[in-house]
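Only one structure is covered here, and it is reproduced in the block below.
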Amino acid sequence: MSASIKDVAIKSGVSVATVSHVINNTRFVSEATKNKILTAMEELKYVPNSMARSLRTNKTKTVALLIPDISNFFFTEVAEAIERVLSKKGYSLFLCNTGESIYIEKKQIMLMSSQLVSGIIIAPTSRDFDYRSMFTDVNYPIVFIDRKTYKSQADVVMVDGKTATYDAVSSLIEKGHRRIGYIAGRDGLSTTDERLSGYLEAIRENGLQIDEKLIKRGDSRHESGYQLTEELVNTDATAIFVSNNLMAVGALKCLSNKNISIPESMAVIGFDDYNWSTITNPPLSTIKQPVAKLGAMAAELVLKRIENPEGPYTEYNLPAEFIVRKSC
């Protein structure tokens, strides 16, 4: 028998009304209580809408896309590429912004699974959470894009950030740089792990010593890139690799404000190749990801999974390209 809202209330030690307020966001509920209720819902596999039990036979031809930061150019381009493929097949796209919050992400997943959404594409906010545990249907169509979790089996389409980072950092070493700063993205993401791994491998294989003072960990935002570049400027670093586009904007702004010439006083390489990369002064060397292909493949994978929910899972790791311009 499926769990009811009353079962969730009993398990979490609150009233049915409080559970309802958390589900519908109709009244303030403390974070501690919210987390208790969400945990109970996950453990009981409770879905707010009983109609969701008919998901396999009552498709809405809608796919949900959960992205962590809608202000990030990368994810807006991914969404556009996904929508193009879905629309050709008669599907609509429902876009959700999680704000890099696992709490918001869980809530949106529960909402989507209760609205007869045919499948979900997720850029997960955590590498260590089992997303499949949130679904009563063990074969529910899930595709992870850009990032993956180590806890869930699902189709995955990513970009090989490790090799691209390795190539970029190795190029800095070939040009004579020995003190190379690295600005990493948010902890807990598979992309952060892989890009940092590429940096470390390049340093080791070229006979250099890893210096933790040159490795800065940020939150993937513009402000973080600015602050961490400011910290690296106060070291003996002669080059900086910035592992995402928003932090690269912050890094360039910091160097400009401090009148530090690029690449004469500080070489810079960013990640993600957007139009603005060509009009900075000097034009920014960067890693170009196949964004359109990434999004299109994710859409194709989720459509295939909707039609064949029990087929074998696949994982794709698309190559990226190191674009050399004048900043390094």
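In the structure tokens, each chain is lettered A, B, ... as it comes, each chain's residues begin at 1, and ligands are numbered from 1 in order of appearance.
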Can you pull out the residues contacting A:Met247? Cut-off 8 Å, using only C-alpha atoms, and skip same-chain residues under 4 positions away; I want them as a CSV table (one decimal) with N, CA and C atoms, in the first residue's frame.
```
chain,number,residue,atom,x,y,z
A,220,SER,N,31.5,28.8,-7.6
A,220,SER,CA,31.1,28.9,-9.0
A,220,SER,C,30.4,30.2,-9.3
A,221,ARG,N,30.5,31.3,-8.5
A,221,ARG,CA,29.9,32.6,-8.7
A,221,ARG,C,31.0,33.6,-9.1
A,222,HIS,N,30.5,34.7,-9.7
A,222,HIS,CA,31.3,35.8,-10.1
A,222,HIS,C,32.1,36.4,-8.9
A,223,GLU,N,31.4,36.6,-7.8
A,223,GLU,CA,32.1,37.2,-6.6
A,223,GLU,C,33.2,36.3,-6.1
A,224,SER,N,32.9,35.0,-6.1
A,224,SER,CA,33.9,34.1,-5.7
A,224,SER,C,35.2,34.1,-6.5
A,225,GLY,N,35.0,34.2,-7.9
A,225,GLY,CA,36.1,34.3,-8.8
A,225,GLY,C,37.0,35.6,-8.5
A,226,TYR,N,36.3,36.7,-8.2
A,226,TYR,CA,37.0,37.9,-7.9
A,226,TYR,C,37.8,37.8,-6.6
A,242,VAL,N,40.9,29.1,-14.3
A,242,VAL,CA,39.6,29.3,-13.6
A,242,VAL,C,38.6,28.3,-14.2
A,243,SER,N,38.0,27.5,-13.3
A,243,SER,CA,37.3,26.3,-13.8
A,243,SER,C,35.8,26.5,-14.1
A,251,ALA,N,37.4,36.9,-12.1
A,251,ALA,CA,38.9,36.9,-12.1
A,251,ALA,C,39.4,38.0,-13.0
```
Would you mind writing down, as a PyMOL selection string, each residue of stretch 174-204 of chain A that DSSP on the backbone assigns to alpha helix (DSSP H)?
chain A and resi 174+190-204
Find the spatial neighbours of A:Ile306, counting only C-alpha atoms, within a cut-off of 10 Å - ignore same-chain residues fewer than 3 positions away - and output them as a list in words.
Arg56, Lys59, Lys61, Val63, Ser118, Gly119, Ile120, Asn139, Tyr140, Pro141, Ile142, Glu300, Leu301, Val302, Leu303, Pro309 and Glu310 of chain A
What is the distance between atom CA of A:Glu201 and atom CA of A:Ile215, in Å to one decimal?
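Separation between atom CA of A:Glu201 and atom CA of A:Ile215: 13.5 Å.
Considering only C-alpha atoms, the residue among A:Asp146, A:Glu321, A:Glu231, A:Glu43 positioned nearest to A:Ser133 is A:Glu43.
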Selection: 7 Å around A:Ala237, only C-alpha atoms, excl. self and same-chain fewer than 5 positions, as an NGL selection string:
:A and (179-181 or 232)
Would you mind telling me which residue in A:Lys258, A:Lys88, A:Lys106, A:Arg217 lies nearest to A:Asn234 when using only C-alpha atoms?
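Ranking A:Lys258, A:Lys88, A:Lys106, A:Arg217 by distance to A:Asn234, first place goes to A:Lys258.
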Return as a ChimeraX atom specification the full set of residues in stretch 212-261 of chain A whose backbone-based DSSP assignment is strand (DSSP E or B).
/A:215-217,239-242
Between atom CA of A:Glu174 and atom CA of A:Gly207 - distance in Å to one decimal
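Answer for the atom CA of A:Gly207 to atom CA of A:Glu174 separation: 12.0 Å.
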Could you tell me which of A:Lys34, A:Lys6, A:Lys45, A:Lys288 comes closest to A:Asp137 if we count only C-alpha atoms?
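Answer, going by the shortest atom-to-atom distance: A:Lys45.
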With distances taken over only C-alpha atoms, which of A:Glu77, A:Asp160, A:Glu42, A:Glu264 is nearest to A:Gly198?
A:Asp160
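The smallest atom-to-atom distance between A:Thr39 and any of A:Leu65, A:Met266, A:Ala79, A:Ala9, using only C-alpha atoms, is found for A:Ala9.
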Using only C-alpha atoms, which protein or nucleic acid residues come within 12 Å of stretch 20-23 of chain A? Drop anything in the same chain fewer than 3 positions from it, and give the result as a compact mmCIF listing (two decimals) with C-alpha atoms, in the first residue's frame.
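around.txt was written with the following content:
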```
# COMPACT_ATOMS: atom_id res chain seq x y z
CA SER A 4 -0.36 8.67 2.71
CA ILE A 5 0.17 12.21 3.92
CA LYS A 6 -0.95 10.98 7.36
CA VAL A 8 4.36 11.14 6.61
CA ALA A 9 2.97 13.27 9.46
CA VAL A 14 4.14 16.74 12.98
CA SER A 15 0.56 17.46 11.97
CA VAL A 16 -0.93 16.65 8.57
CA ALA A 17 -1.42 20.40 8.09
CA THR A 26 1.78 27.84 1.92
CA ARG A 27 3.19 28.76 5.33
CA PHE A 28 6.55 29.23 7.03
CA VAL A 29 7.98 26.00 8.42
CA SER A 30 11.40 25.85 10.09
CA GLU A 31 14.28 24.29 8.19
CA ALA A 32 14.65 21.54 10.79
CA THR A 33 11.00 20.55 10.46
CA LYS A 34 11.14 20.75 6.66
CA ASN A 35 14.11 18.40 6.63
CA LYS A 36 12.32 15.93 8.92
CA ILE A 37 9.30 15.92 6.64
CA LEU A 38 11.37 15.56 3.47
CA MET A 41 8.68 11.45 2.45
CA TYR A 46 5.47 9.30 -0.65
CA VAL A 47 4.35 11.18 -3.78
CA PRO A 48 1.93 14.07 -3.11
CA ASN A 49 -0.38 13.30 -6.01
CA TYR A 103 16.54 20.99 -0.43
CA ILE A 104 15.00 22.90 -3.36
CA LYS A 106 14.37 17.42 -3.68
CA LYS A 107 11.20 19.47 -3.42
CA GLN A 108 11.10 20.10 -7.15
CA ILE A 109 11.69 16.43 -7.93
CA MET A 110 8.75 15.47 -5.71
CA LEU A 111 6.60 18.10 -7.36
CA MET A 112 7.56 16.98 -10.86
CA SER A 114 3.45 14.25 -8.85
```
Applying 12 Å and only C-alpha atoms, which residues near A:Arg204 remain after dropping the ones on its own chain fewer than 4 positions away? List them as JSON, numbers by chain.
{"A": [166, 169, 170, 173, 178, 197, 198, 199, 200, 208, 209, 210, 211]}
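If you count only C-alpha atoms and ignore residues fewer than 2 places along the chain from A:Thr125, what sits within 8 Å of it is Pro68, Glu100, Ser101, Ile102, Glu105, Ala123, Arg127, Gly188 and Leu189 of chain A.
We find atom CA of A:Phe144 and atom CA of A:Glu315 to be spaced 9.2 Å apart.
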Counting only C-alpha atoms, the option among A:Asn308, A:Asn245, A:Asn206, A:Thr314 closest to A:Leu172:
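So, comparing all the options, the nearest one is A:Asn206.
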